[in-house]
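**Student:** As input, take entry-v3.pdb (PDB, C-alpha atoms):
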```pdb
ATOM      1  CA  MET A   1       0.000   0.000   0.000
ATOM      2  CA  ARG A   2       2.762   2.392   1.031
ATOM      3  CA  GLY A   3       4.815   1.288  -1.953
ATOM      4  CA  ALA A   4       1.943   2.158  -4.271
ATOM      5  CA  LEU A   5       1.641   5.596  -2.703
ATOM      6  CA  VAL A   6       5.368   6.231  -3.125
ATOM      7  CA  ALA A   7       5.216   5.050  -6.745
ATOM      8  CA  ARG A   8       2.251   7.351  -7.438
ATOM      9  CA  ARG A   9       4.039  10.362  -5.941
ATOM     10  CA  LEU A  10       7.264   9.552  -7.763
ATOM     11  CA  ARG A  11       5.341   9.233 -11.038
ATOM     12  CA  ALA A  12       3.694  12.619 -10.447
ATOM     13  CA  ALA A  13       7.102  14.160  -9.726
ATOM     14  CA  LEU A  14       8.570  12.665 -12.901
ATOM     15  CA  LEU A  15       5.690  14.002 -14.996
ATOM     16  CA  ALA A  16       6.082  17.438 -13.395
ATOM     17  CA  ALA A  17       9.774  17.318 -14.315
ATOM     18  CA  VAL A  18       8.828  16.414 -17.901
ATOM     19  CA  VAL A  19       6.551  19.457 -18.108
ATOM     20  CA  ALA A  20       9.336  21.649 -16.671
ATOM     21  CA  LEU A  21      11.783  20.287 -19.249
ATOM     22  CA  TYR A  22       9.365  21.150 -22.052
ATOM     23  CA  VAL A  23       9.145  24.705 -20.731
ATOM     24  CA  VAL A  24      12.941  24.952 -20.539
ATOM     25  CA  SER A  25      13.370  23.501 -24.044
ATOM     26  CA  ILE A  26      11.719  26.560 -25.574
ATOM     27  CA  PRO A  27      14.254  29.398 -25.748
ATOM     28  CA  TRP A  28      12.243  31.959 -23.788
ATOM     29  CA  TYR A  29      15.468  32.975 -22.099
ATOM     30  CA  ARG A  30      16.974  34.420 -25.289
ATOM     31  CA  ASN A  31      16.449  37.880 -26.671
ATOM     32  CA  ALA A  32      15.629  38.157 -30.357
ATOM     33  CA  GLY A  33      18.821  38.423 -32.406
ATOM     34  CA  ALA A  34      21.056  37.553 -29.437
ATOM     35  CA  GLU A  35      24.418  36.060 -30.361
ATOM     36  CA  THR A  36      24.613  32.278 -30.166
ATOM     37  CA  SER A  37      27.528  30.220 -28.955
ATOM     38  CA  VAL A  38      28.187  26.684 -30.159
ATOM     39  CA  TRP A  39      27.742  23.717 -27.798
ATOM     40  CA  LEU A  40      28.269  20.147 -28.940
ATOM     41  CA  GLY A  41      28.448  21.455 -32.493
ATOM     42  CA  LEU A  42      25.021  23.068 -32.264
ATOM     43  CA  PRO A  43      23.706  26.536 -31.428
ATOM     44  CA  ASP A  44      23.393  26.690 -27.628
ATOM     45  CA  TRP A  45      19.590  26.873 -27.569
ATOM     46  CA  VAL A  46      19.332  23.855 -29.911
ATOM     47  CA  ALA A  47      21.689  21.849 -27.698
ATOM     48  CA  VAL A  48      19.611  22.790 -24.635
ATOM     49  CA  ALA A  49      16.388  21.750 -26.401
ATOM     50  CA  LEU A  50      17.820  18.395 -27.516
ATOM     51  CA  LEU A  51      19.221  17.647 -24.067
ATOM     52  CA  CYS A  52      15.801  18.468 -22.609
ATOM     53  CA  TYR A  53      14.111  16.069 -25.051
ATOM     54  CA  LEU A  54      16.639  13.364 -24.193
ATOM     55  CA  ALA A  55      15.869  13.842 -20.501
ATOM     56  CA  VAL A  56      12.133  13.814 -21.287
ATOM     57  CA  ALA A  57      12.531  10.427 -23.000
ATOM     58  CA  VAL A  58      14.316   8.953 -19.970
ATOM     59  CA  LEU A  59      11.962  10.435 -17.345
ATOM     60  CA  ASN A  60       8.884   9.514 -19.371
ATOM     61  CA  SER A  61      10.084   5.898 -19.622
ATOM     62  CA  LEU A  62      10.621   5.803 -15.850
ATOM     63  CA  ALA A  63       7.147   7.273 -15.326
ATOM     64  CA  TRP A  64       5.642   4.525 -17.488
ATOM     65  CA  LEU A  65       7.447   1.884 -15.415
ATOM     66  CA  LEU A  66       5.692   3.325 -12.365
ATOM     67  CA  THR A  67       2.288   3.534 -14.061
ATOM     68  CA  ASP A  68      -0.264   0.973 -12.994
ATOM     69  CA  VAL A  69      -2.621   0.133 -15.869
ATOM     70  CA  PRO A  70      -5.246  -2.417 -14.804
ATOM     71  CA  ASP A  71      -6.537  -4.769 -17.485
ATOM     72  CA  ARG A  72     -10.136  -4.589 -16.325
ATOM     73  CA  ASP A  73     -12.419  -1.840 -15.167
ATOM     74  CA  GLY A  74     -13.350  -3.034 -11.660
ATOM     75  CA  ARG A  75     -16.155  -0.522 -11.276
ATOM     76  CA  ASP A  76     -17.879  -1.596 -14.489
ATOM     77  CA  GLU A  77     -17.407  -5.261 -13.619
ATOM     78  CA  SER A  78     -19.089  -4.786 -10.233
ATOM     79  CA  ASP A  79     -21.876  -2.766 -11.873
ATOM     80  CA  ARG A  80     -22.628  -5.698 -14.130
ATOM     81  CA  ARG A  81     -23.091  -8.153 -11.253
TER      82      ARG A  81
ATOM     83  CA  MET T  82      18.848   0.739 -65.083
ATOM     84  CA  SER T  83      18.193   4.397 -64.246
ATOM     85  CA  LEU T  84      17.157   5.660 -60.825
ATOM     86  CA  PRO T  85      13.485   6.281 -61.779
ATOM     87  CA  HIS T  86      13.243   2.743 -63.156
ATOM     88  CA  LEU T  87      14.813   1.375 -59.995
ATOM     89  CA  GLY T  88      12.263   3.305 -57.944
ATOM     90  CA  LEU T  89       9.376   1.955 -60.000
ATOM     91  CA  ALA T  90      10.740  -1.579 -59.722
ATOM     92  CA  GLY T  91      11.048  -1.191 -55.958
ATOM     93  CA  LEU T  92       7.479   0.096 -55.750
ATOM     94  CA  ALA T  93       6.212  -2.838 -57.822
ATOM     95  CA  VAL T  94       8.033  -5.359 -55.603
ATOM     96  CA  TYR T  95       6.610  -3.626 -52.538
ATOM     97  CA  LEU T  96       3.043  -3.841 -53.889
ATOM     98  CA  VAL T  97       3.438  -7.520 -54.801
ATOM     99  CA  LEU T  98       4.778  -8.219 -51.300
ATOM    100  CA  LEU T  99       1.776  -6.398 -49.819
ATOM    101  CA  PHE T 100      -0.607  -8.641 -51.760
ATOM    102  CA  VAL T 101       1.277 -11.766 -50.667
ATOM    103  CA  ILE T 102       1.248 -10.717 -47.008
ATOM    104  CA  ALA T 103      -2.440  -9.764 -47.250
ATOM    105  CA  GLU T 104      -3.293 -13.190 -48.686
ATOM    106  CA  VAL T 105      -1.298 -14.988 -45.974
ATOM    107  CA  ALA T 106      -3.060 -12.880 -43.333
ATOM    108  CA  ARG T 107      -6.472 -13.593 -44.909
ATOM    109  CA  ARG T 108      -5.867 -17.330 -44.718
ATOM    110  CA  ALA T 109      -4.629 -17.056 -41.118
ATOM    111  CA  ARG T 110      -7.718 -15.207 -39.866
ATOM    112  CA  ARG T 111      -9.785 -16.950 -37.233
ATOM    113  CA  SER T 112     -13.009 -14.978 -37.440
ATOM    114  CA  PHE T 113     -14.685 -12.143 -39.290
ATOM    115  CA  THR T 114     -14.885  -9.799 -36.300
ATOM    116  CA  PRO T 115     -13.581  -6.212 -36.378
ATOM    117  CA  ALA T 116     -11.181  -7.096 -33.533
ATOM    118  CA  ASP T 117      -9.657  -9.853 -35.665
ATOM    119  CA  HIS T 118      -9.326  -7.538 -38.654
ATOM    120  CA  PHE T 119      -8.076  -4.360 -36.968
ATOM    121  CA  LEU T 120      -6.333  -5.741 -33.878
ATOM    122  CA  ALA T 121      -5.149  -9.153 -35.099
ATOM    123  CA  GLY T 122      -7.489 -10.832 -32.633
ATOM    124  CA  ARG T 123      -5.846  -8.851 -29.771
ATOM    125  CA  GLU T 124      -2.935 -11.278 -29.858
ATOM    126  CA  LEU T 125      -0.060  -9.106 -31.037
ATOM    127  CA  GLY T 126       3.222  -9.654 -29.207
ATOM    128  CA  MET T 127       5.083  -6.839 -27.490
ATOM    129  CA  PHE T 128       7.572  -6.294 -30.336
ATOM    130  CA  VAL T 129       4.968  -6.081 -33.105
ATOM    131  CA  LEU T 130       2.716  -3.973 -30.885
ATOM    132  CA  PHE T 131       5.621  -1.569 -30.292
ATOM    133  CA  LEU T 132       6.282  -1.296 -34.028
ATOM    134  CA  THR T 133       2.631  -0.715 -34.922
ATOM    135  CA  LEU T 134       2.233   1.875 -32.157
ATOM    136  CA  TYR T 135       5.370   3.612 -33.377
ATOM    137  CA  ALA T 136       4.119   3.563 -36.972
ATOM    138  CA  THR T 137       0.758   4.971 -35.833
ATOM    139  CA  ALA T 138       2.217   7.781 -33.753
ATOM    140  CA  TYR T 139       5.224   8.776 -35.851
ATOM    141  CA  SER T 140       4.922   7.363 -39.374
ATOM    142  CA  GLY T 141       6.680   8.743 -42.457
ATOM    143  CA  ASN T 142       5.763  12.271 -41.460
ATOM    144  CA  SER T 143       8.270  12.392 -38.639
ATOM    145  CA  LEU T 144      10.863  10.167 -40.329
ATOM    146  CA  LEU T 145      10.859  11.899 -43.722
ATOM    147  CA  GLY T 146       8.701  15.028 -43.520
ATOM    148  CA  TYR T 147      10.208  16.649 -40.420
ATOM    149  CA  PRO T 148      13.879  16.205 -41.381
ATOM    150  CA  GLY T 149      13.079  17.705 -44.798
ATOM    151  CA  GLU T 150      11.271  20.597 -43.167
ATOM    152  CA  ALA T 151      14.186  21.079 -40.746
ATOM    153  CA  TYR T 152      16.540  21.263 -43.726
ATOM    154  CA  ARG T 153      14.367  23.948 -45.343
ATOM    155  CA  ARG T 154      13.525  26.030 -42.263
ATOM    156  CA  GLY T 155      16.617  25.576 -40.125
ATOM    157  CA  PHE T 156      17.181  24.776 -36.455
ATOM    158  CA  SER T 157      13.866  26.253 -35.291
ATOM    159  CA  TRP T 158      12.197  23.083 -36.562
ATOM    160  CA  ILE T 159      14.094  21.124 -33.884
ATOM    161  CA  MET T 160      11.117  21.931 -31.644
ATOM    162  CA  ALA T 161       9.047  19.476 -33.667
ATOM    163  CA  THR T 162      11.107  16.645 -32.146
ATOM    164  CA  GLY T 163       9.882  17.477 -28.679
ATOM    165  CA  PHE T 164       6.317  18.077 -29.754
ATOM    166  CA  MET T 165       6.159  14.658 -31.406
ATOM    167  CA  MET T 166       7.598  13.083 -28.256
ATOM    168  CA  ALA T 167       4.855  14.804 -26.288
ATOM    169  CA  ILE T 168       2.396  12.310 -27.783
ATOM    170  CA  VAL T 169       3.806   9.568 -25.557
ATOM    171  CA  VAL T 170       3.726  11.919 -22.565
ATOM    172  CA  VAL T 171       0.069  12.783 -23.176
ATOM    173  CA  PHE T 172      -0.704   9.042 -23.178
ATOM    174  CA  HIS T 173      -0.241   9.255 -19.381
ATOM    175  CA  ALA T 174      -3.510  11.179 -19.218
ATOM    176  CA  LEU T 175      -5.405   8.702 -21.418
ATOM    177  CA  VAL T 176      -4.083   5.157 -21.070
ATOM    178  CA  PRO T 177      -4.534   4.386 -17.334
ATOM    179  CA  LYS T 178      -8.253   5.198 -17.534
ATOM    180  CA  LEU T 179      -9.012   4.179 -21.100
ATOM    181  CA  ARG T 180      -7.233   0.796 -21.181
ATOM    182  CA  PRO T 181      -9.391  -0.936 -18.502
ATOM    183  CA  LEU T 182     -12.551   0.393 -20.134
ATOM    184  CA  ALA T 183     -11.375  -0.725 -23.566
ATOM    185  CA  VAL T 184     -10.595  -4.257 -22.364
ATOM    186  CA  THR T 185     -13.817  -4.588 -20.370
ATOM    187  CA  HIS T 186     -16.052  -3.418 -23.210
ATOM    188  CA  GLY T 187     -13.999  -4.732 -26.130
ATOM    189  CA  PHE T 188     -13.338  -1.402 -27.822
ATOM    190  CA  VAL T 189     -11.731  -1.602 -31.245
ATOM    191  CA  THR T 190     -11.533   2.057 -32.305
ATOM    192  CA  PRO T 191     -11.733   5.419 -30.460
ATOM    193  CA  GLY T 192     -15.279   5.737 -31.801
ATOM    194  CA  ASP T 193     -16.290   2.800 -29.579
ATOM    195  CA  TRP T 194     -15.363   4.824 -26.505
ATOM    196  CA  VAL T 195     -17.311   7.855 -27.760
ATOM    197  CA  ARG T 196     -20.350   5.631 -28.312
ATOM    198  CA  HIS T 197     -19.924   4.079 -24.848
ATOM    199  CA  ARG T 198     -19.505   7.410 -23.086
ATOM    200  CA  PHE T 199     -22.018   9.596 -24.898
ATOM    201  CA  ARG T 200     -24.695   7.192 -26.075
ATOM    202  CA  GLY T 201     -28.090   8.737 -25.546
ATOM    203  CA  GLU T 202     -26.737  12.156 -24.617
ATOM    204  CA  PRO T 203     -27.516  15.226 -26.709
ATOM    205  CA  GLY T 204     -24.867  15.607 -29.406
ATOM    206  CA  GLY T 205     -23.542  12.087 -28.855
ATOM    207  CA  ARG T 206     -24.163  11.018 -32.426
ATOM    208  CA  ALA T 207     -22.624  14.208 -33.817
ATOM    209  CA  LEU T 208     -19.511  13.602 -31.711
ATOM    210  CA  LEU T 209     -19.316  10.020 -32.893
ATOM    211  CA  LEU T 210     -19.579  11.195 -36.492
ATOM    212  CA  ALA T 211     -16.865  13.793 -35.877
ATOM    213  CA  SER T 212     -14.509  11.198 -34.367
ATOM    214  CA  TRP T 213     -15.155   8.874 -37.282
TER     215      TRP T 213
END
```
So that I can check it, write out the structure of this file as structure tokens.
**Tutor:**
Amino acid sequence: MRGALVARRLRAALLAAVVALYVVSIPWYRNAGAETSVWLGLPDWVAVALLCYLAVAVLNSLAWLLTDVPDRDGRDESDRR
Amino acid sequence: MSLPHLGLAGLAVYLVLLFVIAEVARRARRSFTPADHFLAGRELGMFVLFLTLYATAYSGNSLLGYPGEAYRRGFSWIMATGFMMAIVVVFHALVPKLRPLAVTHGFVTPGDWVRHRFRGEPGGRALLLASW
């Protein structure tokens, strides 16, 4: 029971982190026409976006591992009886 | 053989292969139900299910269309990568609730859920038509 609660909270935290990464991936922090530096062979804002998407992929996979998807709808089953 | 001819030959081979696979699948069918036709009798293994889900969500658009668009428009199109990935994130809001319902009631298409949820309600038929 406690394990399920921890898993649910951890999943929520991971999904919140995914949303935060999406916000960070958009270059709000840059002024229009600002000079770009090159990171990893890419413009800095592109490198930041790609690193964010990589992190999203990892965190999203972890969130799915913590997601409980029942095969049957218990409420509907009990309604039928 | 020139490149256009090679392309046409490849397309012809592809179409013939499609017919062969379709005929093999037709002979392997176990019933005439929609679930057998659209969902392979709900018996797809994990690997094939992964591939078909990937093809549904990403398809040639993201494999061919987006790189081409990125080439034309520049780095700004890199955002499309994240937006396409967001599909799998949004599944978190749908799958845990929809999957049990779909299994219990034997849904085949999204329209089945719309019919289940809104049957008899005002606008239910219009919504079903829109989803179809």
**Student:** Hey, what comes out of the ChimeraX specification (/A :<9) & /T on this file? Could you write it as a PyMOL selection string?
**Tutor:** chain T and resi 156-157+159-160+162-164+166-167+169-170+173+176-178+180-186
**Student:** Please indicate the distance in Å from atom CA of T:Ala106 to atom CA of T:Thr190, rounded to one decimal place.
**Tutor:**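 So the answer is 20.4 Å.
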**Student:** Identify, on the basis of all atoms listed in the file, every residue whose closest approach to stretch 112-126 of chain T does not exceed 9 Å; exclude the query and any residue fewer than 5 positions from it along the same chain; express the result as a tab-separated table (two decimals) with C-alpha atoms, keeping the file's coordinate frame.
**Tutor:**
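As written to disk, out-v8.tsv reads:
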```tsv
chain	number	residue	atom	x	y	z
T	131	PHE	CA	5.62	-1.57	-30.29
T	187	GLY	CA	-14.00	-4.73	-26.13
T	188	PHE	CA	-13.34	-1.40	-27.82
T	189	VAL	CA	-11.73	-1.60	-31.24
T	190	THR	CA	-11.53	2.06	-32.30
```
**Student:** Emit as lines of an AutoDock Vina configuration file the padded axis-aligned box for all listed atoms of stretch 59-74 of chain A, 3 Å per side, with centre and edge lengths in Å to one decimal.
**Tutor:**
```
center_x = -0.7
center_y = 2.8
center_z = -15.6
size_x = 31.3
size_y = 21.2
size_z = 14.0
```
**Student:** As a check of understanding, name the residues that the PyMOL selection byres ((chain A and resi 7-11) around 9) selects in the supplied structure, as a count of residues only.
**Tutor:** 17
**Student:** Tell me, in Å to one decimal, how far atom CA of T:Ser83 is from atom CA of T:Gly141.
**Tutor:** 25.0 Å
**Student:** Grab the atom CA of T:Val129 to atom CA of T:Ile102 distance for me, in Å with one decimal place.
**Tutor:**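 If I compute the distance from atom CA of T:Val129 to atom CA of T:Ile102, I get 15.1 Å.
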